[in-house]
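start_23.txt follows (compact mmCIF, C-alpha atoms and all ligand atoms):
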# COMPACT_ATOMS: atom_id res chain seq x y z
CA MET A 1 6.79 -11.75 94.35
CA ALA A 2 5.23 -15.11 95.23
CA TRP A 3 2.04 -14.23 93.28
CA VAL A 4 3.86 -14.00 89.86
CA PRO A 5 3.84 -17.74 88.99
CA PHE A 6 0.27 -17.83 90.25
CA ILE A 7 -1.03 -15.47 87.51
CA PRO A 8 -0.72 -17.76 84.44
CA GLY A 9 -2.45 -20.57 86.41
CA ALA A 10 -5.36 -18.30 87.28
CA VAL A 11 -5.66 -17.04 83.69
CA ALA A 12 -5.68 -20.61 82.43
CA ALA A 13 -8.40 -21.54 84.93
CA VAL A 14 -10.54 -18.55 83.90
CA TRP A 15 -10.00 -19.36 80.21
CA LYS A 16 -10.95 -23.01 80.82
CA GLY A 17 -14.11 -21.93 82.58
CA TYR A 18 -14.96 -19.53 79.73
CA ASP A 19 -14.31 -22.29 77.17
CA GLU A 20 -16.55 -24.75 79.07
CA ILE A 21 -19.40 -22.31 79.57
CA VAL A 22 -19.33 -20.22 76.37
CA THR A 23 -17.07 -21.46 73.54
CA ARG A 24 -17.67 -25.23 73.71
CA PRO A 25 -21.48 -25.02 73.66
CA GLN A 26 -21.24 -22.56 70.73
CA ARG A 27 -18.89 -24.92 68.88
CA ARG A 28 -21.18 -27.89 69.53
CA ALA A 29 -24.23 -25.91 68.32
CA ARG A 30 -22.38 -24.97 65.12
CA GLU A 31 -21.40 -28.64 64.57
CA ALA A 32 -24.98 -29.77 65.16
CA GLN A 33 -26.30 -27.23 62.68
CA GLN A 34 -23.72 -28.33 60.11
CA LYS A 35 -24.72 -32.00 60.58
CA LEU A 36 -28.39 -31.11 60.21
CA ARG A 37 -27.70 -29.14 57.01
CA GLU A 38 -25.69 -32.07 55.60
CA SER A 39 -28.41 -34.60 56.33
CA GLN A 40 -31.10 -32.31 54.85
CA GLU A 41 -28.93 -31.90 51.76
CA LYS A 42 -28.54 -35.70 51.49
CA GLU A 43 -32.31 -36.14 51.80
CA ARG A 44 -32.91 -33.51 49.12
CA GLU A 45 -30.41 -35.21 46.80
CA SER A 46 -31.96 -38.61 47.39
CA GLU A 47 -35.50 -37.27 46.72
CA GLN A 48 -34.16 -35.56 43.57
CA ARG A 49 -32.65 -38.87 42.41
CA ARG A 50 -35.98 -40.64 43.14
CA LEU A 51 -37.87 -38.15 40.95
CA VAL A 52 -35.33 -38.46 38.12
CA LEU A 53 -35.56 -42.26 38.41
CA LEU A 54 -39.37 -42.25 38.36
CA LYS A 55 -39.23 -40.17 35.19
CA GLU A 56 -36.71 -42.58 33.65
CA LEU A 57 -39.12 -45.42 34.53
CA GLY A 58 -41.96 -43.73 32.69
CA TYR A 59 -43.90 -42.23 35.57
CA ASP A 60 -45.66 -38.94 35.01
CA ALA A 61 -48.05 -36.96 37.14
CA ASP A 62 -51.16 -38.32 35.32
CA GLN A 63 -50.49 -41.83 36.53
CA PRO A 64 -51.89 -43.09 39.80
CA THR A 65 -49.73 -43.35 42.89
CA ILE A 66 -49.25 -46.85 44.24
CA THR A 67 -50.87 -46.53 47.62
CA LYS A 68 -51.52 -49.13 50.35
CA GLU A 69 -55.21 -49.14 49.34
CA LEU A 70 -54.30 -49.79 45.69
CA ILE A 71 -52.07 -52.69 46.75
CA VAL A 72 -54.88 -54.25 48.84
CA SER A 73 -57.42 -53.91 46.02
CA ALA A 74 -54.93 -55.36 43.46
CA GLN A 75 -54.28 -58.28 45.80
CA GLU A 76 -58.03 -59.03 45.81
CA THR A 77 -58.10 -58.85 42.00
CA VAL A 78 -55.17 -61.23 41.45
CA GLY A 79 -56.29 -63.70 44.12
CA TYR A 80 -53.35 -63.02 46.45
CA ASP A 81 -53.26 -65.57 49.24
CA LYS A 82 -52.10 -64.11 52.57
CA SER A 83 -51.17 -67.53 53.94
CA LYS A 84 -48.75 -68.26 51.05
CA GLN A 85 -45.79 -66.77 49.28
CA ASN A 86 -47.10 -65.14 46.14
CA ILE A 87 -44.47 -65.13 43.39
CA VAL A 88 -45.06 -63.53 39.98
CA PHE A 89 -43.03 -64.22 36.82
CA ALA A 90 -42.54 -61.17 34.61
CA GLY A 91 -40.53 -60.47 31.47
CA ASN A 92 -40.76 -60.28 27.73
CA VAL A 93 -42.78 -62.63 25.50
CA ASN A 94 -41.20 -66.02 24.71
CA VAL A 95 -38.34 -65.76 27.22
CA GLY A 96 -39.47 -68.89 29.09
CA LYS A 97 -41.71 -67.68 31.95
CA SER A 98 -44.41 -70.33 31.49
CA SER A 99 -41.83 -73.11 31.01
CA LEU A 100 -40.13 -72.16 34.26
CA ILE A 101 -43.45 -72.15 36.14
CA ASN A 102 -44.31 -75.59 34.74
CA ALA A 103 -40.87 -76.85 35.75
CA LEU A 104 -41.32 -75.61 39.32
CA CYS A 105 -44.76 -77.25 39.40
CA ASN A 106 -43.19 -80.42 37.98
CA LYS A 107 -45.50 -80.37 34.97
CA GLY A 108 -44.99 -80.92 31.25
CA GLY A 109 -46.47 -78.41 28.78
CA ASN A 110 -49.34 -80.82 27.95
CA ASP A 111 -50.24 -81.75 31.52
CA ASP A 112 -53.54 -80.64 33.04
CA GLY A 113 -53.30 -77.17 34.56
CA ALA A 114 -49.88 -76.51 33.00
CA ALA A 115 -49.06 -72.97 31.87
CA ARG A 116 -49.35 -72.65 28.08
CA VAL A 117 -45.92 -72.73 26.47
CA GLY A 118 -44.62 -71.58 23.08
CA SER A 119 -44.66 -68.55 20.84
CA ASN A 120 -48.28 -69.16 19.75
CA GLN A 121 -49.38 -69.66 23.32
CA VAL A 122 -49.15 -66.22 24.81
CA THR A 123 -50.60 -65.92 28.32
CA MET A 124 -53.57 -63.56 28.04
CA GLY A 125 -54.30 -62.79 31.70
CA ILE A 126 -52.92 -63.66 35.11
CA THR A 127 -52.99 -67.41 35.80
CA ARG A 128 -52.29 -69.05 39.13
CA HIS A 129 -50.23 -72.22 39.56
CA GLU A 130 -49.68 -74.26 42.71
CA ILE A 131 -46.72 -76.53 43.36
CA PRO A 132 -48.33 -79.80 44.51
CA SER A 133 -45.61 -80.67 47.03
CA HIS A 134 -45.29 -77.05 48.27
CA PRO A 135 -48.65 -75.64 49.30
CA GLU A 136 -46.87 -72.70 50.92
CA ILE A 137 -46.10 -71.19 47.51
CA VAL A 138 -48.27 -69.93 44.67
CA LEU A 139 -46.86 -68.86 41.28
CA TYR A 140 -48.47 -66.39 38.89
CA ASP A 141 -47.96 -66.31 35.12
CA ILE A 142 -48.65 -62.99 33.44
CA PRO A 143 -48.52 -61.77 29.83
CA GLY A 144 -45.08 -60.63 28.64
CA ALA A 145 -44.44 -56.94 28.10
CA GLY A 146 -44.57 -57.69 24.35
CA THR A 147 -42.55 -54.67 23.36
CA GLN A 148 -39.53 -52.86 24.69
CA ASP A 149 -41.44 -49.59 24.37
CA VAL A 150 -43.87 -50.23 27.24
CA PRO A 151 -42.61 -47.99 30.05
CA ALA A 152 -41.60 -49.91 33.17
CA PHE A 153 -44.07 -48.03 35.33
CA GLN A 154 -46.93 -48.87 32.97
CA TYR A 155 -46.10 -52.62 32.87
CA TYR A 156 -45.55 -52.69 36.63
CA HIS A 157 -48.81 -50.89 37.21
CA ASP A 158 -50.97 -52.58 34.53
CA GLN A 159 -49.89 -56.06 35.59
CA MET A 160 -50.33 -55.10 39.26
CA LEU A 161 -46.85 -56.42 40.04
CA TYR A 162 -46.89 -54.41 43.27
CA ALA A 163 -49.51 -56.86 44.61
CA PHE A 164 -47.05 -59.78 44.92
CA ASP A 165 -44.47 -60.74 47.51
CA THR A 166 -41.76 -61.48 44.96
CA VAL A 167 -41.18 -60.52 41.32
CA VAL A 168 -39.07 -62.89 39.24
CA LEU A 169 -37.81 -61.23 36.07
CA VAL A 170 -37.23 -63.93 33.46
CA HIS A 171 -34.90 -63.29 30.51
CA ASP A 172 -32.98 -65.45 28.06
CA THR A 173 -30.22 -63.15 26.77
CA THR A 174 -28.64 -60.07 28.30
CA LEU A 175 -30.99 -57.99 30.45
CA THR A 176 -32.64 -55.46 28.16
CA GLN A 177 -32.99 -51.82 29.21
CA ALA A 178 -36.70 -52.58 29.74
CA ASP A 179 -35.79 -55.49 32.08
CA ILE A 180 -33.39 -53.27 34.02
CA ARG A 181 -36.03 -50.58 34.39
CA LEU A 182 -38.53 -53.13 35.67
CA LEU A 183 -36.07 -54.35 38.30
CA LYS A 184 -35.42 -50.74 39.32
CA MET A 185 -39.18 -50.29 39.65
CA CYS A 186 -39.31 -53.17 42.17
CA ILE A 187 -36.35 -51.79 44.12
CA LEU A 188 -37.96 -48.35 44.18
CA TYR A 189 -41.05 -49.91 45.77
CA SER A 190 -38.93 -51.99 48.18
CA GLN A 191 -40.22 -55.20 46.70
CA LYS A 192 -38.29 -58.47 46.71
CA CYS A 193 -37.11 -59.14 43.16
CA LEU A 194 -34.67 -61.42 41.43
CA ALA A 195 -33.77 -62.29 37.87
CA VAL A 196 -33.28 -65.62 36.17
CA ARG A 197 -31.47 -66.13 32.90
CA THR A 198 -33.03 -69.22 31.41
CA LYS A 199 -32.64 -71.56 28.34
CA CYS A 200 -28.95 -72.10 29.19
CA ASP A 201 -29.07 -75.68 27.90
CA SER A 202 -29.88 -74.44 24.44
CA TYR A 203 -27.32 -71.59 24.58
CA ILE A 204 -24.54 -73.96 25.67
CA ARG A 205 -25.36 -76.28 22.76
CA ASN A 206 -25.33 -73.33 20.36
CA TYR A 207 -22.01 -72.13 21.78
CA GLU A 208 -20.43 -75.51 21.06
CA TYR A 209 -21.22 -74.99 17.39
CA ASP A 210 -20.80 -71.20 17.17
CA LYS A 211 -17.45 -71.03 18.99
CA GLU A 212 -16.18 -74.26 17.43
CA CYS A 213 -15.53 -75.80 20.84
CA ASN A 214 -13.96 -79.23 21.28
CA ASP A 215 -16.83 -80.38 23.47
CA LEU A 216 -19.88 -79.22 25.43
CA GLU A 217 -17.85 -78.73 28.62
CA GLU A 218 -15.64 -76.15 26.89
CA ALA A 219 -18.77 -74.44 25.51
CA ARG A 220 -20.26 -74.37 29.02
CA GLN A 221 -17.14 -72.71 30.48
CA ILE A 222 -17.01 -70.01 27.78
CA PHE A 223 -20.75 -69.40 28.04
CA LEU A 224 -20.64 -69.09 31.84
CA SER A 225 -17.68 -66.74 31.93
CA GLU A 226 -19.32 -64.45 29.37
CA VAL A 227 -22.67 -64.56 31.12
CA ARG A 228 -21.22 -63.83 34.58
CA GLU A 229 -19.37 -60.81 33.20
CA ASP A 230 -22.53 -59.57 31.53
CA ILE A 231 -24.53 -60.02 34.73
CA GLU A 232 -21.96 -58.01 36.68
CA ARG A 233 -22.22 -55.16 34.16
CA CYS A 234 -26.02 -55.11 34.49
CA GLN A 235 -25.81 -55.22 38.29
CA GLU A 236 -23.51 -52.20 38.23
CA GLN A 237 -25.96 -50.36 35.99
CA ILE A 238 -28.81 -51.05 38.42
CA ALA A 239 -26.76 -50.14 41.50
CA ALA A 240 -25.74 -46.81 39.92
CA SER A 241 -29.27 -45.48 40.56
CA TRP A 242 -28.73 -45.81 44.33
CA PRO A 243 -25.26 -44.40 45.07
CA GLU A 244 -26.31 -43.78 48.68
CA ARG A 245 -26.83 -47.46 49.54
CA GLU A 246 -25.85 -50.94 48.47
CA VAL A 247 -28.25 -52.49 45.96
CA GLN A 248 -27.79 -55.85 44.28
CA VAL A 249 -30.23 -57.91 42.25
CA ARG A 250 -29.19 -61.53 41.91
CA ASP A 251 -29.46 -62.98 38.41
CA TYR A 252 -29.56 -66.79 38.42
CA VAL A 253 -28.37 -68.79 35.43
CA ALA A 254 -30.56 -71.83 34.78
CA SER A 255 -32.75 -73.72 32.35
CA SER A 256 -36.31 -74.83 32.84
CA ARG A 257 -35.26 -78.38 31.86
CA SER A 258 -32.84 -78.52 34.78
CA VAL A 259 -35.25 -76.84 37.18
CA ARG A 260 -37.72 -79.63 36.44
CA ILE A 261 -35.06 -82.29 37.04
CA PHE A 262 -34.24 -80.54 40.32
CA MET A 263 -37.90 -80.38 41.37
CA ARG A 264 -38.16 -84.13 40.75
CA GLN A 265 -35.39 -84.41 43.33
CA ASN A 266 -32.94 -85.88 40.90
CA ALA A 267 -29.22 -85.27 40.99
CA SER A 268 -27.62 -82.90 38.51
CA PRO A 269 -27.41 -84.39 35.00
CA LYS A 270 -23.88 -85.26 33.85
CA ASP A 271 -24.36 -83.65 30.45
CA ALA A 272 -22.59 -80.23 30.33
CA ALA A 273 -25.61 -78.51 28.75
CA THR A 274 -28.11 -79.45 31.46
CA ALA A 275 -25.84 -79.94 34.51
CA TYR A 276 -27.05 -77.64 37.28
CA ILE A 277 -25.73 -74.08 37.24
CA ASP A 278 -27.70 -71.84 39.65
CA GLU A 279 -30.88 -73.98 39.81
CA LEU A 280 -30.41 -74.81 43.48
CA ASP A 281 -29.64 -71.21 44.50
CA PHE A 282 -32.56 -69.99 42.41
CA ALA A 283 -34.96 -72.39 44.14
CA PHE A 284 -33.54 -71.37 47.53
CA ALA A 285 -34.01 -67.69 46.69
CA LEU A 286 -37.65 -68.32 45.77
CA SER A 287 -38.20 -70.16 49.02
CA PRO A 288 -35.78 -72.14 51.20
CA THR A 289 -38.54 -74.74 51.63
CA LEU A 290 -37.99 -75.79 47.99
CA VAL A 291 -34.56 -77.20 48.79
CA VAL A 292 -35.35 -78.79 52.14
CA ASN A 293 -35.32 -82.35 50.77
CA VAL A 294 -32.18 -81.99 48.69
CA GLY A 295 -29.41 -84.28 49.88
CA ASN A 296 -31.72 -86.36 52.14
N1 LIG A 301 -34.03 -75.22 25.38
C1 LIG A 301 -34.86 -74.56 26.20
N2 LIG A 301 -35.97 -74.02 25.71
C2 LIG A 301 -36.78 -73.35 26.55
C3 LIG A 301 -36.49 -73.20 27.92
N3 LIG A 301 -37.46 -72.47 28.50
C4 LIG A 301 -38.35 -72.20 27.51
N4 LIG A 301 -37.96 -72.71 26.34
C5 LIG A 301 -38.67 -72.62 25.06
O1 LIG A 301 -38.92 -71.24 24.78
C6 LIG A 301 -40.18 -71.06 24.15
C7 LIG A 301 -40.99 -70.02 24.91
O2 LIG A 301 -41.25 -70.49 26.21
P1 LIG A 301 -42.48 -69.95 27.09
O3 LIG A 301 -42.34 -70.61 28.41
O4 LIG A 301 -43.78 -70.13 26.37
O5 LIG A 301 -42.15 -68.40 27.19
P2 LIG A 301 -43.07 -67.21 27.78
O6 LIG A 301 -43.72 -66.55 26.62
O7 LIG A 301 -42.11 -66.29 28.44
O8 LIG A 301 -44.03 -67.81 28.74
C8 LIG A 301 -40.82 -72.45 24.15
O9 LIG A 301 -40.69 -72.99 22.86
C9 LIG A 301 -40.04 -73.25 25.16
O10 LIG A 301 -39.96 -74.63 24.87
C10 LIG A 301 -35.28 -73.80 28.43
O11 LIG A 301 -34.91 -73.68 29.60
N5 LIG A 301 -34.51 -74.45 27.51
MG MG A 302 -46.15 -67.64 28.71
Please lay out the structure from this file as structure tokens.
Amino acid sequence: MAWVPFIPGAVAAVWKGYDEIVTRPQRRAREAQQKLRESQEKERESEQRRLVLLKELGYDADQPTITKELIVSAQETVGYDKSKQNIVFAGNVNVGKSSLINALCNKGGNDDGAARVGSNQVTMGITRHEIPSHPEIVLYDIPGAGTQDVPAFQYYHDQMLYAFDTVVLVHDTTLTQADIRLLKMCILYSQKCLAVRTKCDSYIRNYEYDKECNDLEEARQIFLSEVREDIERCQEQIAASWPEREVQVRDYVASSRSVRIFMRQNASPKDAATAYIDELDFAFALSPTLVVNVGN
């Protein structure tokens, strides 16, 4: 009976062979099919989300698609310079776009070539501004959206924002729904965008009075903690449109007064209303070349 213990071994060997040749390839094929179905499903969901988002941003089938050709022709219209970084400042009327551009160009509102500032000085068309000490950058001032009712797609399209390398969304209080939609528009078109919350000097001074603070420093701390919380909320709202990947738009807290002081290569003012907040990081985000001389 020497063959008896031999039988289970032989069966196991046959079964192993069968598994290798028949079952395992079938299992692998089933797994591959399952993976393919899952990735197709993910793609379908992501395309569905894109369509819903486009609708939310005011796009309908009558509007033109932003093609490569359209981008090239818009770049010719706006005077896009291939050898420079072309940065456009967008946002509502009176939020401080022109003031910020003047500050970066180290100009006062009355200086030659300065962007026109103030509520009676609305920018009518696109204007180009160069930073004298930084020929590698060109800034563009455009008219504000004017009303919250202009759909993001329309503003983005009409102002040819897709023609620029970077869109800076300027705002002076919480991001409005229109601001958030505009930022989503940029993300949708894979365009570099950032936000800047300006006029902080004036808000900190108002806080000192409104919140009955003991001094400006206390007002600054309360203002900053409220603003940072608000920014986080808005960032979450933006990110919610892209659950499949990580999306974050930085929102820098600054004032045009302090940006100008920074551009003149001066140290941060001591006064709690104008002391630097995110001015340095904002300049770095626009272009690292803007902060090269700091600290030298
Ligand atoms: N206190 C303070 N006022 C600012 C600041 N930026 C802009 N302003 C004022 O806000 C008003 C509108 O600014 P402007 O640059 O013309 O806004 P735009 O319409 O977005 O271009 C002007 O009266 C500016 O002096 C800032 O950082 N601090
Ligand atoms: Mg303006």
For Val170 in chain A, work out the shell of residues within 7 Å, counting all atoms listed in the file and skipping chain neighbours fewer than 3 positions away, then give it as a PyMOL selection string. chain A and resi 89-91+95-97+195-197
Which chains and residue numbers are within 8 Å of ligand MG 302 (chain A), counting only C-alpha atoms and all ligand atoms, if I want them as JSON, numbers by chain? {"A": [93, 94, 96, 97, 98, 99, 115, 116, 117, 118, 121, 122, 123, 141, 142, 143, 144]}
I'd like the interatomic distance between CA of His171 in chain A and CA of Asn106 in chain A, to a tenth of an Å. 20.4 Å
Using only C-alpha atoms, which residue out of A:Arg205, A:Arg27, A:Ala152, A:Cys105 lies closest to Val259 in chain A?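 Closest to Val259 in chain A of all the choices is A:Cys105.
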Nearest to Lys199 in chain A: which of A:Arg228, A:Arg257, A:Lys270, A:Lys68 is it, counting all atoms listed in the file? A:Arg257
Compare A:Ala103, A:Ala240, A:Leu53, A:Val88 by their minimum atom-to-atom distance to Leu169 in chain A, counting only C-alpha atoms, and give me the closest one.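 Closest to Leu169 in chain A of all the choices is A:Val88.
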With distances taken over only C-alpha atoms and all ligand atoms, the candidate from A:Gly108, A:Pro243, A:Pro135, A:Pro288 nearest ligand LIG 301 (chain A) is A:Gly108
